[in-house]
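Structure first, commentary second.
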Amino acid sequence: MLDSARLTTAVRRKPPPVEDPRLAAPSDDPVQRRDLILLERAREGELDAFNDLVECYQDQLWALVVRMVPDPDQASDAVQEAFFSAYRNMASFRGGSVRSWLSRIAVNAAMDTQRARKRRPVQPYPELEDESWQPPAGEEADPVHTALGAERSQALAAALARITEDQRAAIVLFDIEGYDYAEIAEMTGVSLGTVKSRIHRGRLALRSLLEGRMELFRG
Amino acid sequence: MVEPRKDGADHGRHDALLVAAYSAGDLMAGERQRAESLVAGCAACATLVADLRAIRSATSAASLPVAPRPRSFLLRPEDAGRLRPRGWRRVLQLSSSPRWAVTRPLAAGLTTVGLAGLLVGAIPMGLPSAGSGASPTWDRAAAPTDAAASVEVASPDALPAASAPPEVQPGLLASPAEIGVYATSGPSARPTTRTQAMPTAAAASPAPGSAGGPTIGESAGPSPLAVVSALVLALGLGLFALRRVVGSARTA
């Protein structure tokens with residue numbers, strides 16, 4: 001990630017050209033302003049500027065994609081392809097949030113990978129086979145609570161891997177990534193109603209898959 | 001997907017999607033009232049609402065296991081050069097994009113349209129010469145041995161004098177075969193309908209042999225249709241050639 005010193009340097013190195021109205025629009029959000037500056041410099045040919053963006057967002061995109069694509073190898077390829085695609089299509093950026101733009105590209109890459117995965121099924125979420133995995137310890141470091149949380153997380157992750165890819169993408173983007181319906185609709189190229197329907201049907205499917213283990217989630 | 005019937009046979013007929021939308025707070029007033037009455041009267045629906053909210057809380061808690069990022073996704077300079085090439089390499093890259101594939105049917109279409117246009121443009125100029133070649137009667141009339149007779153017969157001024165067919169309209173000239181018949185058979189052998197007479201460009205021009213009269217070949221230059229068709233044809237062929245050149249450069 002960019003530290004504040006590097007960011008300051010990056011911002012001062014070259015101001016954005018004022019002739020581009022998409023990028024010259026002032027942004028109150030310093031992160032968004034930083035992203036626009038980096039993207040503009042990348043569009044002018046500075047690979048380092050683009051790699052600064054990669055540094056900023058590769059963890060987020062990885063977390064997003066690996067939840068949509070259960071196989072880590074394929075998820076890794078999808079994230080790399082997403083950054084390749086972003087670099088190749090920087091000219092298509094139409095302003096707004098760089099994070100949303102990158103996420104949209106990553107979602108598309110993940111969905112492409114899942115379509116290919118149908119032809120080559122793999123073991124979903126192999127990390128779940130690792131008994132040593134534990135969720136991050138929080139304030140409630142009670143062993144019973146921790147064990148319950150781990151079991152709940154694994155059950156939920158296994159169920160997520162079994163619902164349709166469209167429903168999984170919608171649930172991951174809404175529940176985990178925190179995007180709203182409109183943003184998800186834009187990212188996935190479907191209507192608002194379709195997004196809601198996928199989320200609701202996905203939750204019903206999860207509940208059906210978890211039917212024998214719902215006591216983990218109740219109370 | 002639907003809760004087993006715990007409290008009666010009706011639950012299986014309840015709208016689970018409506019209940020799910022209700023649990024997410026996505027219903028407008030009318031549907032929300034319907035869902036509320038459903039949940040109030042059906043314990044299984046009420047359990048479904050509670051379960052769906054618990055699942056949402058669990059997924060929103062972001063405690064799902066995420067494998068650690070296996071590597072850095074930074075772009076290397078060679079990646080950048082491959083993804084955004086400059087100069088002639090950029091042209092080669094464009095040639096491998098799906099958009100470039102459109103050029104093949106485009107080139108085929110342009111070539112076809114150009115050829116068709118040239119053919120259509122050639123027909124009006126080609127008809128008279130083709131007619132003269134296909135009509136032995138006309139050839140005979142135009143033969144030097146019978147030149148005087150043919151000139152008299154073919155000339156609108158001479159026709160009335162020789163056989164005087166009164167129905168021949170100005171601007172219309174009987175076909176060479178019919179003219180030959182008129183010349184030998186007289187008015188009794190005239191056609192009864194005008195459709196048997198064929199208009200030709202010769203009708204508007206002075207009679208053959210008259211001084212200074214332009215001939216068909218001299219007056220007709222390349223038509224606009226022919227010019228445009230030739231350009232379209234050249235464009236199509238040029239596109240084919242460009243595809244070939246770019247394709248061979250890419251493979252090289």
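Residues in the structure tokens are named by chain (A, B, ... in the order shown) and by number from 1 within that chain; ligands are numbered from 1 in the order shown.
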Sort by chain and increasing residue number a table of all residues of chain A within 6 Å of chain B, each with its closest pair of atoms and their distance in Å to one decimal, counting only C-alpha atoms, and write it as a Markdown table.
```
| residue | atom | partner | partner_atom | distance |
| --- | --- | --- | --- | --- |
| A:Asn51 | CA | B:Leu74 | CA | 5.6 |
| A:Gln80 | CA | B:Phe73 | CA | 5.7 |
| A:Arg88 | CA | B:Leu83 | CA | 5.5 |
| A:Ser153 | CA | B:Leu64 | CA | 5.2 |
| A:Asp175 | CA | B:Ser60 | CA | 4.7 |
| A:Ile176 | CA | B:Ser60 | CA | 5.0 |
| A:His200 | CA | B:Ala20 | CA | 5.5 |
| A:Leu204 | CA | B:Met1 | CA | 5.6 |
| A:Ala205 | CA | B:Met1 | CA | 5.5 |
| A:Ser208 | CA | B:Met1 | CA | 4.5 |
| A:Phe217 | CA | B:Ala54 | CA | 5.8 |
```
For the residues in that selection, give me N, CA and C atoms as a JSON list (two decimals), in the first residue's frame.
```
[["chain", "number", "residue", "atom", "x", "y", "z"],
["A", 51, "ASN", "N", 1.02, 0.67, -10.88],
["A", 51, "ASN", "CA", 1.37, -0.30, -9.85],
["A", 51, "ASN", "C", 1.08, 0.22, -8.45],
["A", 80, "GLN", "N", -5.24, -11.34, -11.41],
["A", 80, "GLN", "CA", -4.19, -10.85, -12.31],
["A", 80, "GLN", "C", -4.78, -10.40, -13.64],
["A", 88, "ARG", "N", -5.12, -2.41, -19.64],
["A", 88, "ARG", "CA", -5.37, -2.38, -21.08],
["A", 88, "ARG", "C", -6.48, -1.39, -21.42],
["A", 153, "SER", "N", -18.42, -20.38, 10.18],
["A", 153, "SER", "CA", -17.80, -19.81, 8.98],
["A", 153, "SER", "C", -17.56, -20.89, 7.93],
["A", 175, "ASP", "N", -23.48, -8.49, 0.93],
["A", 175, "ASP", "CA", -23.31, -8.76, 2.36],
["A", 175, "ASP", "C", -21.87, -8.56, 2.83],
["A", 176, "ILE", "N", -20.93, -8.99, 2.03],
["A", 176, "ILE", "CA", -19.53, -8.98, 2.50],
["A", 176, "ILE", "C", -18.80, -7.71, 2.06],
["A", 200, "HIS", "N", -32.07, -12.61, -2.66],
["A", 200, "HIS", "CA", -33.11, -13.30, -1.88],
["A", 200, "HIS", "C", -33.11, -14.80, -2.16],
["A", 204, "LEU", "N", -32.22, -17.92, 0.41],
["A", 204, "LEU", "CA", -33.11, -19.07, 0.57],
["A", 204, "LEU", "C", -32.36, -20.37, 0.28],
["A", 205, "ALA", "N", -31.50, -20.33, -0.74],
["A", 205, "ALA", "CA", -30.73, -21.53, -1.07],
["A", 205, "ALA", "C", -29.74, -21.85, 0.04],
["A", 208, "SER", "N", -31.56, -23.42, 2.82],
["A", 208, "SER", "CA", -31.91, -24.80, 2.51],
["A", 208, "SER", "C", -30.69, -25.72, 2.70],
["A", 217, "PHE", "N", -26.36, -20.73, 13.70],
["A", 217, "PHE", "CA", -26.61, -19.33, 13.35],
["A", 217, "PHE", "C", -27.66, -18.67, 14.20]]
```
| query | So how many Å separate atom CA of His145 of chain A and atom CA of Ala159 of chain A, to one decimal? | reply |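 These two atoms are separated by 20.9 Å.
Taking only C-alpha atoms into account, Glu186 of chain A lies nearest to A:Val107 out of the set A:Ala49, A:Val144, A:Val107, A:Leu210.
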| request: Can you work out which one of A:Leu53, A:Leu160, A:Ile199, A:Val69 has the shortest atom-to-atom distance to Trp101 of chain A, counting only C-alpha atoms? | output: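 Looking at the shortest contact to Trp101 of chain A, the residue is A:Leu53.
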| said: Between atom CA of Leu231 of chain B and atom CA of Gly109 of chain B, what distance in Å does the model show, to one decimal? | reply: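 Computing the Euclidean distance for atom CA of Leu231 of chain B and atom CA of Gly109 of chain B yields 13.2 Å.
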| Distance of atom CA of Met90 of chain A from atom CA of Glu44 of chain A, expressed in Å to one decimal place |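 If I compute the distance from atom CA of Glu44 of chain A to atom CA of Met90 of chain A, I get 10.0 Å.
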| All residues 8 Å or closer to Met68 of chain A, only C-alpha atoms, same chain fewer than 6 positions away omitted, as a list in words | Ala110, Met111, Glu165, Arg168, Ala169 and Val172 of chain A
